[in-house]
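Novice: Quick one: the structure is below, and I'll ask about it shortly.
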Amino acid sequence: HKEFETSVQNLNSLAASFQQTPNQQNLSALQDAWKESKNRWKHCEVFNILAIRDDFLQNKIDKWPTNTAFLDRNLNGTDELTEAFVEGSGSTSKGLPALEYYLFADNALESIYSDALASRRLDYVKAMTENLLVRTTEIVQIWEGDMDDFSTNTENFSKGSLNQLVNGQVAVLEKILTDKLGKPIGKDNGGIAEPDEVEAYKGGISLKLIEDNLR
């Protein structure tokens, strides 16, 4: 989680640079930082336990697919797009998937950051990275506060640390089979492939994310 936090700190810093100077160099750096954070997060998903699970914090980091209709509605609205606004939004309108929607749009620099809504998009991206960092820091603090108890909990039932980790691994494997592989190959659509249903379709790192889940 600390490695993920470091990557999100970098992501937030680069979002500020891009907000100030929206050019291709800064966009590319921001895209690379997003990929790094997304990859790092895959190593954390198995640890959906303790208050992280109870408070649904993982959903605030990486709930996908993102609700693009909500994002567009917010962008075209009049609310100030701040970290507080993002915090008050639903899980499908924040986090890494929501950032992907804007950072990896077709011809992103020309079509997204050069029209009448460019300033609001830049504000929105920065607000999302700020909120992502807030929630990431919260998760790290939970682990730091509970690590000693967790590492010494040898209870041989569902609340035991080892059992919680095994359950987390099973949950991740099930998600890979049903959502990350099953839906794209058409398992829920009569065998009709839906390749755009893969995780991080626009980011182009779907297979790498599965690999990171399994490490």
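By order of appearance in the structure tokens: chains A, B, ..., then residues from 1 within every chain, and ligands from 1 in the order shown.
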For A:Pro195, please output as a list of chain:residue names all residues within 12 Å (counting only C-alpha atoms; exclusion window: fewer than 6 positions along the same chain).
Specialist: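 Final neighbour list, sorted by chain and number: A:Asp179, A:Lys180, A:Leu181, A:Gly182, A:Lys183, A:Pro184, A:Ile185, A:Gly186, A:Lys187, A:Asn189, A:Tyr201, A:Lys202, A:Gly204, A:Ser206.
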Novice: Those same residues, written as a tab-separated table (two decimals), in the first residue's frame with all heavy atoms?
Specialist:
```
chain	number	residue	atom	x	y	z
A	179	ASP	N	-15.54	-11.06	-14.46
A	179	ASP	CA	-15.58	-9.69	-14.98
A	179	ASP	C	-14.45	-9.38	-15.97
A	179	ASP	O	-14.70	-8.81	-17.03
A	179	ASP	CB	-15.51	-8.68	-13.83
A	179	ASP	CG	-16.71	-8.77	-12.91
A	179	ASP	OD1	-17.74	-9.30	-13.35
A	179	ASP	OD2	-16.62	-8.30	-11.76
A	180	LYS	N	-13.24	-9.75	-15.62
A	180	LYS	CA	-12.10	-9.36	-16.45
A	180	LYS	C	-11.93	-10.24	-17.68
A	180	LYS	O	-11.38	-9.79	-18.69
A	180	LYS	CB	-10.83	-9.37	-15.60
A	180	LYS	CG	-10.90	-8.42	-14.41
A	180	LYS	CD	-9.58	-8.30	-13.70
A	180	LYS	CE	-9.70	-7.34	-12.52
A	180	LYS	NZ	-8.39	-7.01	-11.94
A	181	LEU	N	-12.41	-11.49	-17.58
A	181	LEU	CA	-12.32	-12.40	-18.73
A	181	LEU	C	-13.69	-12.79	-19.26
A	181	LEU	O	-13.93	-12.77	-20.46
A	181	LEU	CB	-11.53	-13.66	-18.34
A	181	LEU	CG	-10.06	-13.46	-17.99
A	181	LEU	CD1	-9.45	-14.77	-17.50
A	181	LEU	CD2	-9.28	-12.93	-19.17
A	182	GLY	N	-14.60	-13.16	-18.36
A	182	GLY	CA	-15.90	-13.67	-18.77
A	182	GLY	C	-16.72	-12.70	-19.60
A	182	GLY	O	-17.20	-13.04	-20.68
A	183	LYS	N	-16.88	-11.48	-19.11
A	183	LYS	CA	-17.68	-10.50	-19.84
A	183	LYS	C	-17.10	-10.15	-21.20
A	183	LYS	O	-17.83	-10.12	-22.21
A	183	LYS	CB	-17.88	-9.25	-18.99
A	183	LYS	CG	-18.84	-9.45	-17.83
A	183	LYS	CD	-19.08	-8.16	-17.06
A	183	LYS	CE	-20.07	-8.37	-15.93
A	183	LYS	NZ	-20.31	-7.13	-15.15
A	184	PRO	N	-15.81	-9.87	-21.30
A	184	PRO	CA	-15.25	-9.52	-22.62
A	184	PRO	C	-15.38	-10.63	-23.67
A	184	PRO	O	-15.54	-10.35	-24.86
A	184	PRO	CB	-13.77	-9.23	-22.31
A	184	PRO	CG	-13.77	-8.81	-20.88
A	184	PRO	CD	-14.82	-9.66	-20.23
A	185	ILE	N	-15.32	-11.90	-23.25
A	185	ILE	CA	-15.41	-12.97	-24.23
A	185	ILE	C	-16.86	-13.36	-24.51
A	185	ILE	O	-17.13	-14.29	-25.27
A	185	ILE	CB	-14.62	-14.21	-23.79
A	185	ILE	CG1	-15.21	-14.83	-22.52
A	185	ILE	CG2	-13.15	-13.88	-23.62
A	185	ILE	CD1	-14.53	-16.13	-22.10
A	186	GLY	N	-17.81	-12.66	-23.88
A	186	GLY	CA	-19.22	-12.87	-24.20
A	186	GLY	C	-19.94	-13.87	-23.34
A	186	GLY	O	-21.02	-14.34	-23.71
A	187	LYS	N	-19.40	-14.19	-22.18
A	187	LYS	CA	-20.04	-15.19	-21.33
A	187	LYS	C	-21.42	-14.76	-20.88
A	187	LYS	O	-22.31	-15.60	-20.69
A	187	LYS	CB	-19.15	-15.47	-20.11
A	187	LYS	CG	-19.61	-16.65	-19.28
A	187	LYS	CD	-18.61	-17.00	-18.20
A	187	LYS	CE	-19.07	-18.22	-17.40
A	187	LYS	NZ	-18.10	-18.58	-16.34
A	189	ASN	N	-23.29	-12.63	-22.70
A	189	ASN	CA	-23.94	-12.03	-23.87
A	189	ASN	C	-24.10	-13.02	-25.01
A	189	ASN	O	-23.90	-12.68	-26.18
A	189	ASN	CB	-23.12	-10.81	-24.33
A	189	ASN	CG	-23.87	-9.95	-25.31
A	189	ASN	OD1	-25.09	-9.85	-25.26
A	189	ASN	ND2	-23.15	-9.32	-26.23
A	201	TYR	N	-9.73	-0.64	-20.71
A	201	TYR	CA	-9.77	-0.77	-22.17
A	201	TYR	C	-9.06	0.40	-22.85
A	201	TYR	O	-8.26	0.21	-23.76
A	201	TYR	CB	-11.23	-0.84	-22.63
A	201	TYR	CG	-11.42	-0.84	-24.13
A	201	TYR	CD1	-11.11	-1.97	-24.88
A	201	TYR	CD2	-11.92	0.29	-24.79
A	201	TYR	CE1	-11.30	-1.98	-26.26
A	201	TYR	CE2	-12.10	0.29	-26.17
A	201	TYR	CZ	-11.78	-0.85	-26.90
A	201	TYR	OH	-11.96	-0.85	-28.26
A	202	LYS	N	-9.35	1.62	-22.41
A	202	LYS	CA	-8.72	2.79	-23.02
A	202	LYS	C	-7.25	2.89	-22.65
A	202	LYS	O	-6.43	3.33	-23.44
A	202	LYS	CB	-9.47	4.06	-22.61
A	202	LYS	CG	-10.85	4.22	-23.23
A	202	LYS	CD	-11.49	5.52	-22.81
A	202	LYS	CE	-12.84	5.72	-23.50
A	202	LYS	NZ	-12.69	5.88	-24.96
A	204	GLY	N	-5.24	0.44	-22.14
A	204	GLY	CA	-4.49	-0.55	-22.90
A	204	GLY	C	-3.59	-1.45	-22.07
A	204	GLY	O	-2.59	-1.97	-22.59
A	206	SER	N	-4.92	-4.10	-19.93
A	206	SER	CA	-5.83	-5.07	-19.32
A	206	SER	C	-5.12	-6.35	-18.89
A	206	SER	O	-5.29	-6.83	-17.77
A	206	SER	CB	-6.96	-5.41	-20.28
A	206	SER	OG	-7.65	-4.24	-20.67
```
Novice: Env of A:Phe104: 12 Å cut, atoms = only C-alpha atoms, seq-sep filter 6 positions within chain, self excluded. Answer as a list in words.
Specialist: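 The filter keeps Leu27, Ser28, Leu30, Gln31, Asp32, Trp34, Lys35, Leu96, Pro97, Ala98, Glu110, Ser111, Ile112, Tyr113, Val125, Ala200, Tyr201, Lys202, Gly203, Gly204 and Ile205 of chain A.
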Novice: Give the answer as one residue: which of A:Thr78, A:Thr66, A:Thr129, A:Thr178 has the shortest atom-to-atom distance to A:Gln19, using only C-alpha atoms?
Specialist: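 Nearest to A:Gln19: A:Thr129.
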Novice: Could you name the residues that touch A:Tyr124 at 10 Å or less, counting only C-alpha atoms, but leaving out those on the same chain fewer than 5 positions away, as a PyMOL selection string?
Specialist: chain A and resi 19+71+74-75+80-83+85-86+94+98-99+102+118-119+129-130
Novice: Go ahead and save the picked residues with N, CA, C and O atoms, as a compact mmCIF listing (two decimals), in the first residue's frame.
Specialist:
```
# COMPACT_ATOMS: atom_id res chain seq x y z
N GLN A 19 -2.49 20.46 -15.31
CA GLN A 19 -3.50 21.50 -15.15
C GLN A 19 -2.90 22.87 -15.48
O GLN A 19 -3.55 23.71 -16.11
N LEU A 71 -20.19 11.28 -15.29
CA LEU A 71 -19.03 12.16 -15.45
C LEU A 71 -19.34 13.30 -16.41
O LEU A 71 -19.01 14.46 -16.14
N ASN A 74 -21.71 15.80 -14.76
CA ASN A 74 -20.99 16.65 -13.81
C ASN A 74 -20.16 17.70 -14.54
O ASN A 74 -20.12 18.87 -14.12
N LEU A 75 -19.52 17.29 -15.61
CA LEU A 75 -18.67 18.21 -16.36
C LEU A 75 -19.50 19.34 -16.97
O LEU A 75 -19.08 20.50 -16.97
N GLU A 80 -18.81 23.48 -8.71
CA GLU A 80 -17.36 23.61 -8.74
C GLU A 80 -16.74 22.23 -8.57
O GLU A 80 -17.09 21.48 -7.64
N LEU A 81 -15.84 21.88 -9.47
CA LEU A 81 -15.28 20.53 -9.49
C LEU A 81 -14.04 20.48 -8.60
O LEU A 81 -12.90 20.65 -9.04
N THR A 82 -14.30 20.22 -7.34
CA THR A 82 -13.25 20.19 -6.32
C THR A 82 -13.10 18.78 -5.75
O THR A 82 -13.90 17.89 -6.05
N GLU A 83 -12.12 18.61 -4.90
CA GLU A 83 -11.94 17.33 -4.22
C GLU A 83 -13.17 16.98 -3.41
O GLU A 83 -13.60 15.82 -3.37
N PHE A 85 -16.23 17.83 -4.04
CA PHE A 85 -17.28 17.41 -4.96
C PHE A 85 -17.08 15.95 -5.35
O PHE A 85 -18.02 15.16 -5.38
N VAL A 86 -15.85 15.59 -5.66
CA VAL A 86 -15.55 14.21 -6.03
C VAL A 86 -15.85 13.27 -4.87
O VAL A 86 -16.43 12.19 -5.06
N LYS A 94 -15.53 8.28 -9.70
CA LYS A 94 -14.28 8.74 -9.10
C LYS A 94 -13.24 7.64 -9.25
O LYS A 94 -13.51 6.56 -9.78
N ALA A 98 -12.39 6.56 -13.50
CA ALA A 98 -12.90 7.86 -13.94
C ALA A 98 -11.77 8.69 -14.55
O ALA A 98 -11.95 9.37 -15.56
N LEU A 99 -10.61 8.62 -13.96
CA LEU A 99 -9.45 9.32 -14.52
C LEU A 99 -9.10 8.78 -15.91
O LEU A 99 -8.77 9.54 -16.82
N TYR A 102 -10.92 10.32 -18.95
CA TYR A 102 -10.46 11.61 -19.48
C TYR A 102 -9.03 11.55 -20.01
O TYR A 102 -8.73 12.16 -21.03
N ALA A 118 -12.60 22.89 -21.48
CA ALA A 118 -11.24 22.45 -21.18
C ALA A 118 -10.85 22.77 -19.73
O ALA A 118 -10.28 21.92 -19.03
N SER A 119 -11.15 23.97 -19.29
CA SER A 119 -10.76 24.36 -17.94
C SER A 119 -11.44 23.49 -16.89
O SER A 119 -10.81 23.08 -15.90
N THR A 129 -7.57 13.29 -8.74
CA THR A 129 -6.30 12.79 -8.20
C THR A 129 -6.14 13.19 -6.74
O THR A 129 -5.59 12.43 -5.94
N GLU A 130 -6.62 14.36 -6.38
CA GLU A 130 -6.56 14.78 -4.97
C GLU A 130 -7.40 13.85 -4.10
O GLU A 130 -6.97 13.43 -3.02
```
Novice: Quick one, how far is atom CA of A:Phe47 from atom CA of A:Glu194?
Specialist: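 A separation of 29.3 Å between them.
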Novice: Pick out the residues sitting within 7 Å of stretch 1-11 of chain A, and hand them over as JSON, numbers by chain; count only C-alpha atoms, and ignore anything fewer than 6 positions along from it in its own chain.
Specialist: {"A": [30, 33, 34, 36, 37, 40, 41, 44, 129, 133, 136, 137, 140]}
Novice: Take the residues that were just selected and, keeping all heavy atoms, output them as a compact mmCIF listing (two decimals), in the first residue's frame.
Specialist:
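That gives us out_13.txt:
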```
# COMPACT_ATOMS: atom_id res chain seq x y z
N LEU A 30 1.43 12.06 -17.35
CA LEU A 30 0.28 11.78 -16.50
C LEU A 30 -0.32 10.42 -16.84
O LEU A 30 -0.72 9.65 -15.94
CB LEU A 30 -0.76 12.88 -16.67
CG LEU A 30 -1.96 12.88 -15.73
CD1 LEU A 30 -1.52 12.87 -14.26
CD2 LEU A 30 -2.85 14.10 -15.99
N ALA A 33 1.90 7.79 -15.36
CA ALA A 33 1.73 7.74 -13.90
C ALA A 33 0.42 7.04 -13.54
O ALA A 33 0.36 6.30 -12.55
CB ALA A 33 1.74 9.16 -13.33
N TRP A 34 -0.62 7.25 -14.35
CA TRP A 34 -1.89 6.54 -14.11
C TRP A 34 -1.68 5.04 -14.25
O TRP A 34 -2.16 4.26 -13.43
CB TRP A 34 -2.96 7.02 -15.10
CG TRP A 34 -4.26 6.31 -14.94
CD1 TRP A 34 -5.30 6.66 -14.12
CD2 TRP A 34 -4.67 5.10 -15.58
NE1 TRP A 34 -6.32 5.75 -14.22
CE2 TRP A 34 -5.96 4.78 -15.10
CE3 TRP A 34 -4.06 4.25 -16.52
CZ2 TRP A 34 -6.67 3.65 -15.53
CZ3 TRP A 34 -4.76 3.11 -16.94
CH2 TRP A 34 -6.05 2.83 -16.45
N GLU A 36 1.04 3.35 -13.83
CA GLU A 36 1.82 2.88 -12.70
C GLU A 36 0.94 2.72 -11.46
O GLU A 36 1.03 1.71 -10.75
CB GLU A 36 2.96 3.88 -12.41
CG GLU A 36 3.77 3.58 -11.16
CD GLU A 36 4.61 2.32 -11.27
OE1 GLU A 36 4.81 1.82 -12.40
OE2 GLU A 36 5.08 1.84 -10.23
N SER A 37 0.09 3.69 -11.20
CA SER A 37 -0.80 3.60 -10.04
C SER A 37 -1.78 2.44 -10.19
O SER A 37 -2.05 1.70 -9.24
CB SER A 37 -1.56 4.91 -9.85
OG SER A 37 -0.70 5.95 -9.47
N ARG A 40 0.08 -0.77 -9.54
CA ARG A 40 0.38 -0.92 -8.12
C ARG A 40 -0.86 -1.32 -7.33
O ARG A 40 -0.79 -2.12 -6.39
CB ARG A 40 0.93 0.40 -7.56
CG ARG A 40 2.30 0.79 -8.08
CD ARG A 40 3.39 -0.10 -7.55
NE ARG A 40 4.69 0.34 -7.99
CZ ARG A 40 5.82 -0.33 -7.77
NH1 ARG A 40 5.77 -1.48 -7.11
NH2 ARG A 40 6.98 0.11 -8.21
N TRP A 41 -2.00 -0.77 -7.72
CA TRP A 41 -3.23 -1.06 -6.99
C TRP A 41 -3.62 -2.52 -7.09
O TRP A 41 -4.20 -3.09 -6.17
CB TRP A 41 -4.37 -0.18 -7.49
CG TRP A 41 -5.68 -0.51 -6.84
CD1 TRP A 41 -6.77 -1.07 -7.43
CD2 TRP A 41 -6.01 -0.35 -5.46
NE1 TRP A 41 -7.77 -1.25 -6.51
CE2 TRP A 41 -7.33 -0.81 -5.28
CE3 TRP A 41 -5.32 0.16 -4.36
CZ2 TRP A 41 -7.96 -0.79 -4.06
CZ3 TRP A 41 -5.96 0.18 -3.12
CH2 TRP A 41 -7.26 -0.29 -2.98
N CYS A 44 -2.83 -4.61 -4.29
CA CYS A 44 -3.52 -4.29 -3.04
C CYS A 44 -4.92 -4.88 -2.96
O CYS A 44 -5.49 -4.99 -1.86
CB CYS A 44 -3.64 -2.76 -2.89
SG CYS A 44 -2.07 -1.87 -2.88
N THR A 129 -7.57 13.29 -8.74
CA THR A 129 -6.30 12.79 -8.20
C THR A 129 -6.14 13.19 -6.74
O THR A 129 -5.59 12.43 -5.94
CB THR A 129 -5.10 13.30 -9.02
OG1 THR A 129 -5.00 14.73 -8.95
CG2 THR A 129 -5.21 12.87 -10.47
N LEU A 133 -5.76 10.50 -3.66
CA LEU A 133 -4.68 10.54 -2.68
C LEU A 133 -5.24 10.54 -1.26
O LEU A 133 -4.68 9.88 -0.37
CB LEU A 133 -3.80 11.77 -2.91
CG LEU A 133 -2.60 11.94 -1.99
CD1 LEU A 133 -1.71 10.71 -2.02
CD2 LEU A 133 -1.81 13.18 -2.37
N THR A 136 -6.33 7.00 -0.54
CA THR A 136 -5.15 6.13 -0.46
C THR A 136 -4.45 6.30 0.88
O THR A 136 -4.07 5.31 1.53
CB THR A 136 -4.18 6.46 -1.60
OG1 THR A 136 -4.82 6.25 -2.86
CG2 THR A 136 -2.94 5.58 -1.52
N THR A 137 -4.27 7.53 1.30
CA THR A 137 -3.64 7.80 2.59
C THR A 137 -4.47 7.20 3.72
O THR A 137 -3.91 6.66 4.70
CB THR A 137 -3.49 9.32 2.79
OG1 THR A 137 -2.67 9.85 1.75
CG2 THR A 137 -2.84 9.62 4.14
N VAL A 140 -3.70 3.48 3.88
CA VAL A 140 -2.37 3.26 4.47
C VAL A 140 -2.43 3.43 5.98
O VAL A 140 -1.84 2.64 6.74
CB VAL A 140 -1.34 4.22 3.85
CG1 VAL A 140 -0.02 4.18 4.62
CG2 VAL A 140 -1.09 3.87 2.39
```
Novice: Excluding A:Thr68 and any residue of its chain fewer than 4 positions from it, enumerate the residues within 8 Å of it, using only C-alpha atoms, and give them as a VMD selection string.
Specialist: chain A and resid 72 93 98 101
Novice: Which residue out of A:Asn167, A:Asn213, A:Asn67, A:Gln20 has the minimum interatomic distance to A:Ile49 when only C-alpha atoms are used?
Specialist: A:Asn167
Novice: Step one, run DSSP on the backbone; step two, keep only residues of stretch 23-80 of chain A assigned to helix (DSSP H, G or I); then write them as a VMD selection string.
Specialist: chain A and resid 24 to 42 45 to 47 50 to 54 57 to 62 68 to 76
Novice: Go through A:Lys126, A:Asn48, A:Ala171, A:Pro65 and flag the residue nearest A:Asp196, using only C-alpha atoms for the distances.
Specialist: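 Of A:Lys126, A:Asn48, A:Ala171, A:Pro65, the one nearest A:Asp196, counting only C-alpha atoms, is A:Pro65.
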